[in-house]
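> The structure's right below; bear with me while I get my questions together.
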Amino acid sequence: MTRADVRKTYKLYIGGAFPRSESGHTYVAHDAKGRFLANAALASRKDARDAVVAARGAFSGWAGRTAYNRGQVVYRIAEVVEDRRPQFVDALAATEGLSARAAGAALDTAIDRLVWYAGWADKLTQVVGNANPVSGPYFNLSTPEPTGVVAVLAPQESSLLGLLSVVAPVIVTGNTCVVVSSFERPLPAVTFAEVLATSDVPAGVVNVLTGDAEALGPWLASHMDVNALDLTGVAGRPDLATDLEVAAADNLKRVRRAPAAEPDWTLEPDLDAMTDFLETKTVWHPIGV
Amino acid sequence: MGTPFEYAPAPESRSVVDIKPSYGLFVGGEFVDGHGKAFKTVNPATEEVLAEVAEADEHDVDHAVKAARRAHRTWSRMPGAERAKYLYRIARIIAERSRELAVLESIDNGKPIKESRDVDVPIVSAHFFYYAGWADKLKYAGYGEQSLGVAAQIIPWNFPLLMLAWKVAPALACGNTVVLKPAETTPLTALLFAEICQQADLPAGVVNIVTGAGSTGQALVAHPDVDKVAFTGSTDVGKQIARTVAGTDKRVTLELGGKAANIVFDDAPIDQAVEGIVNGIFFNQGHVCCAGSRLLVQESVADDVLHRLKRRMATLRVGDPLDKNTDVGAINSAEQLARIRELSDIGEAEGAERWSAPCELPSHGYWFPPTLFTDVTQAHRIAREEIFGPVLSVLTFRTPAEAVAKANNTPYGLSAGVWTDKGSLILKMANALRAGVVWANTFNKFDPTSPFGGYKESGYGREGGRHGLEAYLR
């Protein structure tokens with residue numbers, strides 16, 4: 001008698017917990033050949049709002065950590081992904097239709113990308129901040145600070161490397177985020193959320209919603225407690241991207257615009273994905289006695 | 001007022017300034033007529049009409065953008081070292097003509113001559129000097145070396161020349177060309193700057209100046225051949241601009257409103273803090289986006305601070321902007337005066353207690369006495385909305401945590417002030433305040449080398465310093 005396997009129920013990741021969608025809705029995630037893989041939670045407007053609340057709650061604690069500590073936590077994510085290599089390779093192969101070899105290569109790049117960003121945590125301030133030689137007796141320093149809660153629409157094609165390429169730069173600098181995964185390829189995002197839950201990432205720093213960026217995007221773009229919006233996930237959909245950018249103007253969110261087509265995530269990134277979600281704070285103090 | 005400190009009037013001479021009866025637009029290196037309906041600019045201290053100014057319509061804006069586009073071909077390819085020389089020339093001519101610029105600024109804007117002369121114009125010259133030096137060093141800045149193209153720049157009326165310098169100097173240093181729209185009520189020094197560009201032999205079309213009001217600005221922002229929009233002004237207009245450029249490739253920086261908390265702890269040197277409070281809110285009649293308009297005083301010293309603050313406010317000299325003794329000049333326009341009055345009346349209606357410095361206001365012009373409100377809560381509109389006038393709201397706090405919570409309780413995030421003798425407390429507060437500029441034991445200081453800009457609804461991007469180059473490079 002063959003043994004029936006125990007299949008995973010894929011859920012959302014909000015505030016460090018794995019709830020089902022409050023709406024009770026799920027949708028079918030297919031493999032690359034269109035066969036049933038699993039039911040994924042279909043995040044609702046309410047789930048998005050709950051995720052924003054969780055991200056806001058986590059912000060001051062996460063931003064207040066030392067850069068050294070944030071770097072260690074992001075590095076820890078890489079460790080745990082590496083540790084669960086077979087699971088991710090299987091997930092990537094099934095979701096993206098890659099050969100085992102190609103899926104392994106994609107995973108290598110994803111892990112290396114996390115390590116690359118981890119190292120930036122305690123270096124970016126030195127690279128993008130500076131002391132200002134004002135003409136007067138003042139100590140004057142400009143330093144980068146996280147902008148706050150970032151809503152991220154993750155890439156649609158690259159379900160893991162693309163996802164971490166937009167999440168890691170946001171959190172390594174001290175922001176917290178609500179990320180909407182690839183709609184057609186949501187499962188690696190959920191598995192990645194399970195990594196986050198066991199990688200010393202504080203609850204609420206990353207919140208993962210599986211669902212439709214077109215449906216969730218407007219609520220996140222117009223949410224008055226979201227500080228920034230990454231539109232990478234609506235690449236090639238200029239009308240939707242424009243609508244979301246217009247909605248984001250209501251509280252002057254920082255917007256990372258959608259590219260014309262999904263980028264090649266294997267290329268080494270520049271600093272923009274980090275600096276787009278940073279503020280510069282300049283502090284003055286007189287020098288005297 | 002019968003104080004021992006009465007001074008005889010010491011008016012600055014107007015003879016250094018030659019105001020023409022009418023002005024055109026500055027496009028392609030020449031003054032040309034505008035196609036819109038001409039408007040008048042007045043001296044807010046006397047309501048005297050100063051000149052008639054052309055209004056640019058869509059056609060004029062298009063003409064200016066085309067001129068800027070043509071000029072960009074040569075300006076952007078010119079070696080940085082050569083561009084630098086033009087900017088150095090401009091910096092020097094501004095310094096040479098500083099008296100003239102300061103007087104004209106005070107006449108058109110209403111700000112005291114001691115501020116235009118000692119603050120605005122020197123920093124304007126310094127900005128051009130600072131960015132001139134970047135023009136041939138862009139590869140060291142870390143933002144790329146390519147210019148963006150044509151920059152549309154829209155500036156407010158509170159610091160007409162200074163905001164021009166903040167916009168024009170970095171744009172030109174990076175190889176961009178500009179179409180600048182000064183504010184409707186303060187166009188005259190921008191037009192004098194156009195003459196300075198001519199004296200500097202700046203190539204035609206590198207700087208274009210289109211005067212007008214909101215519709216001119218809208219046409220400029222929406223123009224399809226503009227690559228970059230830089231705006232300083234109200235948060236409402238900033239949001240409109242963000243909507244207008246959505247879905248385009250235009251880069252945008254926005255410097256918008258603020259409602260800064262100026263936080264005084266009980267161990268602060270109180271007299272110094274009082275000077276800082278006065279400077280924070282009454283400098284430039286409070287027409288400052290980063291003005292310290294919410295005073296947060298630690299409860300244990302609140303009575304003492306208020307007593308000394310009122311005593312100091314009573315010595316502020318309000319009146320003729322061209323008098324060298326004047327501390328507080330005229331409100332820039334009748335519309336702005338009406339808004340300040342309206343919000344102040346609302347403050348009273350909502351239960352806050354109003355106190356104004358005893359001073360005699362001139363019979364003509366737009367004036368508002370230095371005013372403070374006590375018994376203010378965080379819910380009061382005068383504690384939430386930007387008044388943009390000489391009106392201070394006073395709140396109290398007990399602990400640093402309460403001060404942080406109250407200071408950050410605003411959609412804005414432009415600036416903040418902290419007054420305490422304790423260094424570790426300054427650093428703790430500076431970290432916790434969500435604002436782009438934090439002045440500790442000082443306030444309202446500006447410098448070309450120092451980045452300036454806001455968090456949250458105070459806008460995005462930074463002007464000044466190395467960071468200020470980012471907005472103009474790719």
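Quick note on naming: the chains in the structure tokens go A, B, ... in the order shown, residues restart at 1 in each chain, and ligands are numbered from 1 in order of appearance.
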Go through chain B residue by residue and, counting only C-alpha atoms, keep those with an atom at most 8 Å from chain A; for each kept residue give the shortest atom pair and its distance in Å to one decimal, ordered by chain and increasing number, as CSV.

```
residue,atom,partner,partner_atom,distance
B:Lys239,CA,A:Ala249,CA,5.4
B:Gln240,CA,A:Ala249,CA,7.7
B:Ala242,CA,A:Ala249,CA,5.6
B:Arg243,CA,A:Val246,CA,4.7
B:Thr244,CA,A:Val246,CA,7.9
B:Ala246,CA,A:Thr242,CA,5.4
B:Gly247,CA,A:Thr242,CA,4.3
B:Ala430,CA,A:Val283,CA,7.0
B:Ala435,CA,A:Lys281,CA,6.7
B:Gly436,CA,A:Lys281,CA,4.4
B:Val437,CA,A:Thr282,CA,4.7
B:Val438,CA,A:Val283,CA,4.7
B:Trp439,CA,A:Trp284,CA,4.8
B:Ala440,CA,A:His285,CA,5.0
B:Asn441,CA,A:His285,CA,6.2
B:Thr442,CA,A:His285,CA,6.7
B:Asp447,CA,A:Val134,CA,5.8
B:Pro448,CA,A:Val134,CA,7.4
B:Thr449,CA,A:Asn132,CA,5.7
B:Ser450,CA,A:Asn132,CA,5.7
B:Pro451,CA,A:Thr282,CA,6.6
B:Phe452,CA,A:Thr282,CA,7.2
B:Gly453,CA,A:Thr280,CA,7.8
B:Gly454,CA,A:Glu279,CA,7.8
B:Tyr455,CA,A:Glu279,CA,6.6
B:Lys456,CA,A:Asn227,CA,6.8
B:Glu457,CA,A:Leu252,CA,5.6
B:Gly459,CA,A:Leu252,CA,6.5
B:Tyr460,CA,A:Arg254,CA,7.1
B:Arg462,CA,A:Thr280,CA,7.5
B:Gly465,CA,A:Asn132,CA,7.3
```
> Using DSSP assignments from the backbone, pull out every residue in region 52-238 of chain A that falls under strand (DSSP E) and give it to me as a VMD selection string.
chain A and resid 130 to 131 138 to 146 149 to 153 176 to 180 206 to 209 228 to 230
> Output the selection as a JSON list (two decimals), in the first residue's frame - N, CA, C and O atoms for each residue.

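The resulting out_16.json:
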```
[["chain", "number", "residue", "atom", "x", "y", "z"],
["A", 130, "ASN", "N", 27.21, 61.68, 4.69],
["A", 130, "ASN", "CA", 28.45, 62.44, 4.78],
["A", 130, "ASN", "C", 28.40, 63.55, 5.81],
["A", 130, "ASN", "O", 27.35, 63.97, 6.26],
["A", 131, "ALA", "N", 29.59, 63.98, 6.17],
["A", 131, "ALA", "CA", 29.74, 65.17, 7.00],
["A", 131, "ALA", "C", 29.76, 66.37, 6.06],
["A", 131, "ALA", "O", 30.33, 66.30, 4.98],
["A", 138, "TYR", "N", 29.65, 74.75, 13.05],
["A", 138, "TYR", "CA", 28.62, 73.74, 13.28],
["A", 138, "TYR", "C", 29.15, 72.35, 12.98],
["A", 138, "TYR", "O", 29.89, 72.15, 12.02],
["A", 139, "PHE", "N", 28.72, 71.41, 13.81],
["A", 139, "PHE", "CA", 28.84, 69.99, 13.51],
["A", 139, "PHE", "C", 27.63, 69.67, 12.65],
["A", 139, "PHE", "O", 26.50, 69.98, 13.03],
["A", 140, "ASN", "N", 27.84, 69.05, 11.50],
["A", 140, "ASN", "CA", 26.72, 68.88, 10.57],
["A", 140, "ASN", "C", 26.88, 67.57, 9.81],
["A", 140, "ASN", "O", 27.81, 67.40, 9.03],
["A", 141, "LEU", "N", 25.94, 66.66, 10.04],
["A", 141, "LEU", "CA", 26.08, 65.31, 9.54],
["A", 141, "LEU", "C", 24.81, 64.88, 8.82],
["A", 141, "LEU", "O", 23.72, 65.10, 9.33],
["A", 142, "SER", "N", 24.95, 64.29, 7.64],
["A", 142, "SER", "CA", 23.79, 63.74, 6.93],
["A", 142, "SER", "C", 23.88, 62.23, 6.91],
["A", 142, "SER", "O", 24.88, 61.68, 6.46],
["A", 143, "THR", "N", 22.84, 61.58, 7.39],
["A", 143, "THR", "CA", 22.84, 60.12, 7.44],
["A", 143, "THR", "C", 21.54, 59.58, 6.85],
["A", 143, "THR", "O", 20.51, 60.24, 6.93],
["A", 144, "PRO", "N", 21.61, 58.39, 6.24],
["A", 144, "PRO", "CA", 20.38, 57.79, 5.70],
["A", 144, "PRO", "C", 19.56, 57.15, 6.80],
["A", 144, "PRO", "O", 20.12, 56.62, 7.77],
["A", 145, "GLU", "N", 18.26, 57.21, 6.64],
["A", 145, "GLU", "CA", 17.34, 56.53, 7.55],
["A", 145, "GLU", "C", 16.25, 55.86, 6.74],
["A", 145, "GLU", "O", 15.89, 56.35, 5.67],
["A", 146, "PRO", "N", 15.69, 54.76, 7.26],
["A", 146, "PRO", "CA", 14.61, 54.09, 6.54],
["A", 146, "PRO", "C", 13.39, 55.00, 6.43],
["A", 146, "PRO", "O", 13.13, 55.82, 7.31],
["A", 149, "VAL", "N", 7.15, 52.14, 6.25],
["A", 149, "VAL", "CA", 6.49, 50.94, 5.76],
["A", 149, "VAL", "C", 6.46, 50.99, 4.24],
["A", 149, "VAL", "O", 5.97, 51.96, 3.67],
["A", 150, "VAL", "N", 7.00, 49.96, 3.61],
["A", 150, "VAL", "CA", 7.07, 49.92, 2.15],
["A", 150, "VAL", "C", 6.15, 48.81, 1.65],
["A", 150, "VAL", "O", 6.24, 47.66, 2.11],
["A", 151, "ALA", "N", 5.26, 49.15, 0.72],
["A", 151, "ALA", "CA", 4.43, 48.14, 0.06],
["A", 151, "ALA", "C", 5.15, 47.70, -1.21],
["A", 151, "ALA", "O", 5.48, 48.54, -2.04],
["A", 152, "VAL", "N", 5.41, 46.42, -1.31],
["A", 152, "VAL", "CA", 6.21, 45.90, -2.43],
["A", 152, "VAL", "C", 5.34, 44.97, -3.27],
["A", 152, "VAL", "O", 4.78, 44.00, -2.76],
["A", 153, "LEU", "N", 5.24, 45.29, -4.55],
["A", 153, "LEU", "CA", 4.60, 44.36, -5.47],
["A", 153, "LEU", "C", 5.73, 43.58, -6.12],
["A", 153, "LEU", "O", 6.50, 44.11, -6.92],
["A", 176, "THR", "N", 10.21, 48.29, 7.10],
["A", 176, "THR", "CA", 9.42, 47.07, 7.15],
["A", 176, "THR", "C", 8.55, 47.04, 5.91],
["A", 176, "THR", "O", 8.37, 48.06, 5.25],
["A", 177, "CYS", "N", 8.03, 45.86, 5.57],
["A", 177, "CYS", "CA", 7.30, 45.81, 4.29],
["A", 177, "CYS", "C", 6.11, 44.86, 4.30],
["A", 177, "CYS", "O", 6.00, 43.97, 5.12],
["A", 178, "VAL", "N", 5.24, 45.15, 3.36],
["A", 178, "VAL", "CA", 4.14, 44.26, 3.00],
["A", 178, "VAL", "C", 4.40, 43.89, 1.57],
["A", 178, "VAL", "O", 4.45, 44.77, 0.70],
["A", 179, "VAL", "N", 4.61, 42.61, 1.30],
["A", 179, "VAL", "CA", 4.96, 42.22, -0.07],
["A", 179, "VAL", "C", 3.86, 41.34, -0.64],
["A", 179, "VAL", "O", 3.38, 40.42, 0.02],
["A", 180, "VAL", "N", 3.45, 41.68, -1.85],
["A", 180, "VAL", "CA", 2.49, 40.86, -2.57],
["A", 180, "VAL", "C", 3.28, 39.99, -3.52],
["A", 180, "VAL", "O", 4.01, 40.49, -4.39],
["A", 206, "VAL", "N", 8.59, 41.60, 7.71],
["A", 206, "VAL", "CA", 8.16, 41.24, 6.36],
["A", 206, "VAL", "C", 6.80, 40.55, 6.49],
["A", 206, "VAL", "O", 6.64, 39.63, 7.30],
["A", 207, "ASN", "N", 5.86, 41.00, 5.72],
["A", 207, "ASN", "CA", 4.55, 40.38, 5.70],
["A", 207, "ASN", "C", 4.27, 39.98, 4.26],
["A", 207, "ASN", "O", 4.42, 40.79, 3.35],
["A", 208, "VAL", "N", 3.90, 38.71, 4.07],
["A", 208, "VAL", "CA", 3.78, 38.19, 2.71],
["A", 208, "VAL", "C", 2.31, 37.91, 2.41],
["A", 208, "VAL", "O", 1.65, 37.16, 3.14],
["A", 209, "LEU", "N", 1.83, 38.53, 1.35],
["A", 209, "LEU", "CA", 0.47, 38.28, 0.90],
["A", 209, "LEU", "C", 0.54, 37.56, -0.43],
["A", 209, "LEU", "O", 1.20, 38.02, -1.36],
["A", 228, "ALA", "N", 5.89, 54.10, 1.21],
["A", 228, "ALA", "CA", 6.55, 53.95, -0.07],
["A", 228, "ALA", "C", 5.96, 52.75, -0.80],
["A", 228, "ALA", "O", 5.35, 51.87, -0.19],
["A", 229, "LEU", "N", 6.17, 52.75, -2.11],
["A", 229, "LEU", "CA", 5.54, 51.75, -2.96],
["A", 229, "LEU", "C", 6.54, 51.30, -4.02],
["A", 229, "LEU", "O", 7.10, 52.12, -4.73],
["A", 230, "ASP", "N", 6.76, 49.98, -4.10],
["A", 230, "ASP", "CA", 7.62, 49.43, -5.14],
["A", 230, "ASP", "C", 6.73, 48.74, -6.18],
["A", 230, "ASP", "O", 6.04, 47.77, -5.86]]
```
> To one decimal place in Å, what is the distance between CA of Lys181 (chain B) and CA of Val226 (chain B)?
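CA of Val226 (chain B) lies 13.5 Å from CA of Lys181 (chain B).
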> At a cut-off of 12 Å, using only C-alpha atoms, what residues contact Ala105 (chain A)? Leave out same-chain residues fewer than 4 positions from it and give the result as a list in words.
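Everything that qualifies: Arg85, Phe88, Val89, Leu92, Ala93, Leu98, Ser99, Ala100, Arg101, Thr109, Ala110, Ile111, Asp112, Leu161 and Thr266 of chain A.
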> Output N, CA, C and O atoms of each residue in that selection to a file, as a PDB file, in the first residue's frame.

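Once everything was written out, this is out.pdb:
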```pdb
ATOM      1  N   ARG A  85      17.662  23.960   1.189  1.00  0.00           N
ATOM      2  CA  ARG A  85      17.942  23.919  -0.246  1.00  0.00           C
ATOM      3  C   ARG A  85      17.045  22.942  -1.021  1.00  0.00           C
ATOM      4  O   ARG A  85      16.417  23.350  -2.007  1.00  0.00           O
ATOM      5  N   PHE A  88      13.545  24.247  -1.535  1.00  0.00           N
ATOM      6  CA  PHE A  88      13.432  25.377  -2.457  1.00  0.00           C
ATOM      7  C   PHE A  88      13.690  24.960  -3.900  1.00  0.00           C
ATOM      8  O   PHE A  88      13.036  25.445  -4.819  1.00  0.00           O
ATOM      9  N   VAL A  89      14.641  24.056  -4.085  1.00  0.00           N
ATOM     10  CA  VAL A  89      14.914  23.599  -5.454  1.00  0.00           C
ATOM     11  C   VAL A  89      13.669  22.908  -6.014  1.00  0.00           C
ATOM     12  O   VAL A  89      13.254  23.183  -7.154  1.00  0.00           O
ATOM     13  N   LEU A  92      11.052  25.602  -6.743  1.00  0.00           N
ATOM     14  CA  LEU A  92      11.369  26.382  -7.939  1.00  0.00           C
ATOM     15  C   LEU A  92      11.168  25.571  -9.204  1.00  0.00           C
ATOM     16  O   LEU A  92      10.639  26.061 -10.203  1.00  0.00           O
ATOM     17  N   ALA A  93      11.594  24.318  -9.152  1.00  0.00           N
ATOM     18  CA  ALA A  93      11.447  23.467 -10.324  1.00  0.00           C
ATOM     19  C   ALA A  93       9.969  23.309 -10.676  1.00  0.00           C
ATOM     20  O   ALA A  93       9.579  23.426 -11.843  1.00  0.00           O
ATOM     21  N   LEU A  98      11.653  24.794 -14.039  1.00  0.00           N
ATOM     22  CA  LEU A  98      13.097  24.714 -14.284  1.00  0.00           C
ATOM     23  C   LEU A  98      13.565  23.275 -14.100  1.00  0.00           C
ATOM     24  O   LEU A  98      12.976  22.504 -13.326  1.00  0.00           O
ATOM     25  N   SER A  99      14.674  22.945 -14.779  1.00  0.00           N
ATOM     26  CA  SER A  99      15.319  21.670 -14.493  1.00  0.00           C
ATOM     27  C   SER A  99      15.913  21.754 -13.089  1.00  0.00           C
ATOM     28  O   SER A  99      16.077  22.850 -12.544  1.00  0.00           O
ATOM     29  N   ALA A 100      16.238  20.601 -12.524  1.00  0.00           N
ATOM     30  CA  ALA A 100      16.804  20.604 -11.175  1.00  0.00           C
ATOM     31  C   ALA A 100      18.085  21.428 -11.153  1.00  0.00           C
ATOM     32  O   ALA A 100      18.358  22.187 -10.207  1.00  0.00           O
ATOM     33  N   ARG A 101      18.851  21.313 -12.228  1.00  0.00           N
ATOM     34  CA  ARG A 101      20.121  22.045 -12.302  1.00  0.00           C
ATOM     35  C   ARG A 101      19.879  23.559 -12.365  1.00  0.00           C
ATOM     36  O   ARG A 101      20.497  24.327 -11.626  1.00  0.00           O
ATOM     37  N   THR A 109      21.954  31.852  -6.761  1.00  0.00           N
ATOM     38  CA  THR A 109      21.952  33.298  -6.954  1.00  0.00           C
ATOM     39  C   THR A 109      21.115  33.986  -5.876  1.00  0.00           C
ATOM     40  O   THR A 109      21.499  35.038  -5.358  1.00  0.00           O
ATOM     41  N   ALA A 110      19.992  33.375  -5.548  1.00  0.00           N
ATOM     42  CA  ALA A 110      19.114  33.976  -4.539  1.00  0.00           C
ATOM     43  C   ALA A 110      19.829  34.054  -3.193  1.00  0.00           C
ATOM     44  O   ALA A 110      19.778  35.091  -2.510  1.00  0.00           O
ATOM     45  N   ILE A 111      20.507  32.983  -2.834  1.00  0.00           N
ATOM     46  CA  ILE A 111      21.206  32.981  -1.541  1.00  0.00           C
ATOM     47  C   ILE A 111      22.344  33.997  -1.557  1.00  0.00           C
ATOM     48  O   ILE A 111      22.517  34.773  -0.608  1.00  0.00           O
ATOM     49  N   ASP A 112      23.077  34.027  -2.667  1.00  0.00           N
ATOM     50  CA  ASP A 112      24.182  34.991  -2.763  1.00  0.00           C
ATOM     51  C   ASP A 112      23.670  36.432  -2.712  1.00  0.00           C
ATOM     52  O   ASP A 112      24.332  37.320  -2.180  1.00  0.00           O
ATOM     53  N   LEU A 161      14.045  34.454  -6.524  1.00  0.00           N
ATOM     54  CA  LEU A 161      15.138  35.418  -6.683  1.00  0.00           C
ATOM     55  C   LEU A 161      14.576  36.830  -6.844  1.00  0.00           C
ATOM     56  O   LEU A 161      15.057  37.789  -6.221  1.00  0.00           O
ATOM     57  N   THR A 266      19.468  38.096 -12.388  1.00  0.00           N
ATOM     58  CA  THR A 266      20.778  37.497 -12.136  1.00  0.00           C
ATOM     59  C   THR A 266      21.896  38.538 -12.189  1.00  0.00           C
ATOM     60  O   THR A 266      23.010  38.272 -11.754  1.00  0.00           O
TER      61      THR A 266
END
```
> If you count only C-alpha atoms, which residues fall within 7 Å of Val195 (chain A), apart from same-chain ones fewer than 4 positions away, as a short mmCIF file (atom, residue, chain, number, x, y, z; two decimals) with N, CA, C and O atoms, in the first residue's frame?

```
data_model
loop_
_atom_site.label_atom_id
_atom_site.label_comp_id
_atom_site.auth_asym_id
_atom_site.auth_seq_id
_atom_site.Cartn_x
_atom_site.Cartn_y
_atom_site.Cartn_z
N ILE A 77 18.93 34.77 7.27
CA ILE A 77 17.93 34.32 6.29
C ILE A 77 18.62 33.46 5.23
O ILE A 77 18.13 32.39 4.86
N VAL A 80 19.38 30.00 6.47
CA VAL A 80 18.24 29.09 6.59
C VAL A 80 17.72 28.68 5.21
O VAL A 80 17.30 27.53 5.02
N VAL A 81 17.80 29.59 4.24
CA VAL A 81 17.43 29.20 2.88
C VAL A 81 18.37 28.09 2.39
O VAL A 81 17.94 27.08 1.83
N THR A 191 6.92 29.53 1.25
CA THR A 191 8.03 28.78 1.84
C THR A 191 9.09 29.74 2.37
O THR A 191 9.67 29.53 3.44
N SER A 199 14.15 32.80 11.20
CA SER A 199 15.46 33.39 10.91
C SER A 199 15.77 34.62 11.77
O SER A 199 16.54 35.47 11.35
#
```
> Write out as a ChimeraX atom specification all residues of region 248-457 of chain B that DSSP puts in helix (DSSP H, G or I) for this structure's backbone.
/B:270-286,299-313,334-349,381-384,400-408,423-432,456-457
> Output C-alpha atoms for every residue in the selection just made, as a PDB file, in the first residue's frame.

```
ATOM      1  CA  ILE B 270      16.761  79.217  28.404  1.00  0.00           C
ATOM      2  CA  ASP B 271      17.774  82.593  27.004  1.00  0.00           C
ATOM      3  CA  GLN B 272      19.537  80.916  24.080  1.00  0.00           C
ATOM      4  CA  ALA B 273      16.510  78.712  23.556  1.00  0.00           C
ATOM      5  CA  VAL B 274      14.239  81.771  23.545  1.00  0.00           C
ATOM      6  CA  GLU B 275      16.382  83.323  20.831  1.00  0.00           C
ATOM      7  CA  GLY B 276      16.120  80.042  18.917  1.00  0.00           C
ATOM      8  CA  ILE B 277      12.348  79.939  19.327  1.00  0.00           C
ATOM      9  CA  VAL B 278      12.084  83.520  18.033  1.00  0.00           C
ATOM     10  CA  ASN B 279      14.398  82.769  15.140  1.00  0.00           C
ATOM     11  CA  GLY B 280      12.535  79.523  14.477  1.00  0.00           C
ATOM     12  CA  ILE B 281       9.111  81.065  14.009  1.00  0.00           C
ATOM     13  CA  PHE B 282       9.526  84.803  13.410  1.00  0.00           C
ATOM     14  CA  PHE B 283      12.412  84.666  10.934  1.00  0.00           C
ATOM     15  CA  ASN B 284      11.066  85.754   7.548  1.00  0.00           C
ATOM     16  CA  GLN B 285       7.648  86.458   9.150  1.00  0.00           C
ATOM     17  CA  GLY B 286       7.271  82.721   9.692  1.00  0.00           C
ATOM     18  CA  GLU B 299       6.382  71.363  31.739  1.00  0.00           C
ATOM     19  CA  SER B 300       8.739  72.254  34.579  1.00  0.00           C
ATOM     20  CA  VAL B 301      10.113  75.274  32.712  1.00  0.00           C
ATOM     21  CA  ALA B 302       7.073  76.212  30.648  1.00  0.00           C
ATOM     22  CA  ASP B 303       6.121  79.244  32.733  1.00  0.00           C
ATOM     23  CA  ASP B 304       9.656  80.569  32.750  1.00  0.00           C
ATOM     24  CA  VAL B 305      10.139  80.035  29.007  1.00  0.00           C
ATOM     25  CA  LEU B 306       6.818  81.674  28.189  1.00  0.00           C
ATOM     26  CA  HIS B 307       7.573  84.636  30.404  1.00  0.00           C
ATOM     27  CA  ARG B 308      10.933  85.235  28.783  1.00  0.00           C
ATOM     28  CA  LEU B 309       9.574  84.528  25.310  1.00  0.00           C
ATOM     29  CA  LYS B 310       6.841  87.135  25.635  1.00  0.00           C
ATOM     30  CA  ARG B 311       9.333  89.632  26.999  1.00  0.00           C
ATOM     31  CA  ARG B 312      11.586  88.984  23.990  1.00  0.00           C
ATOM     32  CA  MET B 313       8.721  89.121  21.504  1.00  0.00           C
ATOM     33  CA  ALA B 334      -3.329  89.881   1.064  1.00  0.00           C
ATOM     34  CA  GLU B 335      -4.255  86.231   0.455  1.00  0.00           C
ATOM     35  CA  GLN B 336      -1.591  84.980   2.841  1.00  0.00           C
ATOM     36  CA  LEU B 337      -2.610  87.524   5.461  1.00  0.00           C
ATOM     37  CA  ALA B 338      -6.199  86.336   5.171  1.00  0.00           C
ATOM     38  CA  ARG B 339      -5.107  82.722   5.715  1.00  0.00           C
ATOM     39  CA  ILE B 340      -3.024  83.615   8.767  1.00  0.00           C
ATOM     40  CA  ARG B 341      -5.941  85.570  10.228  1.00  0.00           C
ATOM     41  CA  GLU B 342      -8.379  82.767   9.497  1.00  0.00           C
ATOM     42  CA  LEU B 343      -6.282  80.065  11.149  1.00  0.00           C
ATOM     43  CA  SER B 344      -5.509  82.298  14.121  1.00  0.00           C
ATOM     44  CA  ASP B 345      -9.223  82.979  14.600  1.00  0.00           C
ATOM     45  CA  ILE B 346      -9.869  79.248  14.424  1.00  0.00           C
ATOM     46  CA  GLY B 347      -7.204  78.752  17.093  1.00  0.00           C
ATOM     47  CA  GLU B 348      -9.073  81.090  19.386  1.00  0.00           C
ATOM     48  CA  ALA B 349     -12.438  79.558  18.519  1.00  0.00           C
ATOM     49  CA  ARG B 381      -5.886  72.987  13.787  1.00  0.00           C
ATOM     50  CA  ILE B 382      -3.212  75.550  14.656  1.00  0.00           C
ATOM     51  CA  ALA B 383      -1.090  72.630  15.897  1.00  0.00           C
ATOM     52  CA  ARG B 384      -1.737  70.492  12.815  1.00  0.00           C
ATOM     53  CA  PRO B 400      11.511  62.755  26.186  1.00  0.00           C
ATOM     54  CA  ALA B 401       9.258  59.940  24.971  1.00  0.00           C
ATOM     55  CA  GLU B 402       6.235  62.225  25.143  1.00  0.00           C
ATOM     56  CA  ALA B 403       8.139  64.938  23.283  1.00  0.00           C
ATOM     57  CA  VAL B 404       9.032  62.487  20.515  1.00  0.00           C
ATOM     58  CA  ALA B 405       5.479  61.222  20.248  1.00  0.00           C
ATOM     59  CA  LYS B 406       4.070  64.724  20.002  1.00  0.00           C
ATOM     60  CA  ALA B 407       6.766  65.966  17.646  1.00  0.00           C
ATOM     61  CA  ASN B 408       6.235  63.053  15.258  1.00  0.00           C
ATOM     62  CA  GLY B 423      24.611  65.651  24.516  1.00  0.00           C
ATOM     63  CA  SER B 424      23.268  62.128  24.836  1.00  0.00           C
ATOM     64  CA  LEU B 425      19.713  63.468  24.921  1.00  0.00           C
ATOM     65  CA  ILE B 426      20.344  65.486  21.757  1.00  0.00           C
ATOM     66  CA  LEU B 427      21.533  62.377  19.948  1.00  0.00           C
ATOM     67  CA  LYS B 428      18.634  60.314  21.239  1.00  0.00           C
ATOM     68  CA  MET B 429      16.153  62.934  20.071  1.00  0.00           C
ATOM     69  CA  ALA B 430      17.905  63.463  16.748  1.00  0.00           C
ATOM     70  CA  ASN B 431      17.580  59.736  16.068  1.00  0.00           C
ATOM     71  CA  ALA B 432      13.953  59.526  17.085  1.00  0.00           C
ATOM     72  CA  LYS B 456       6.564  61.892   4.795  1.00  0.00           C
ATOM     73  CA  GLU B 457       4.283  64.580   3.329  1.00  0.00           C
TER      74      GLU B 457
END
```
> Using only C-alpha atoms, determine which residues lie at most 8 Å from region 189-192 of chain B, disregarding the query and same-chain residues fewer than 3 positions distant; provide the list as a VMD selection string.
chain B and resid 23 26 101 104 to 105 160 to 161 164 182 186 195 to 196 209
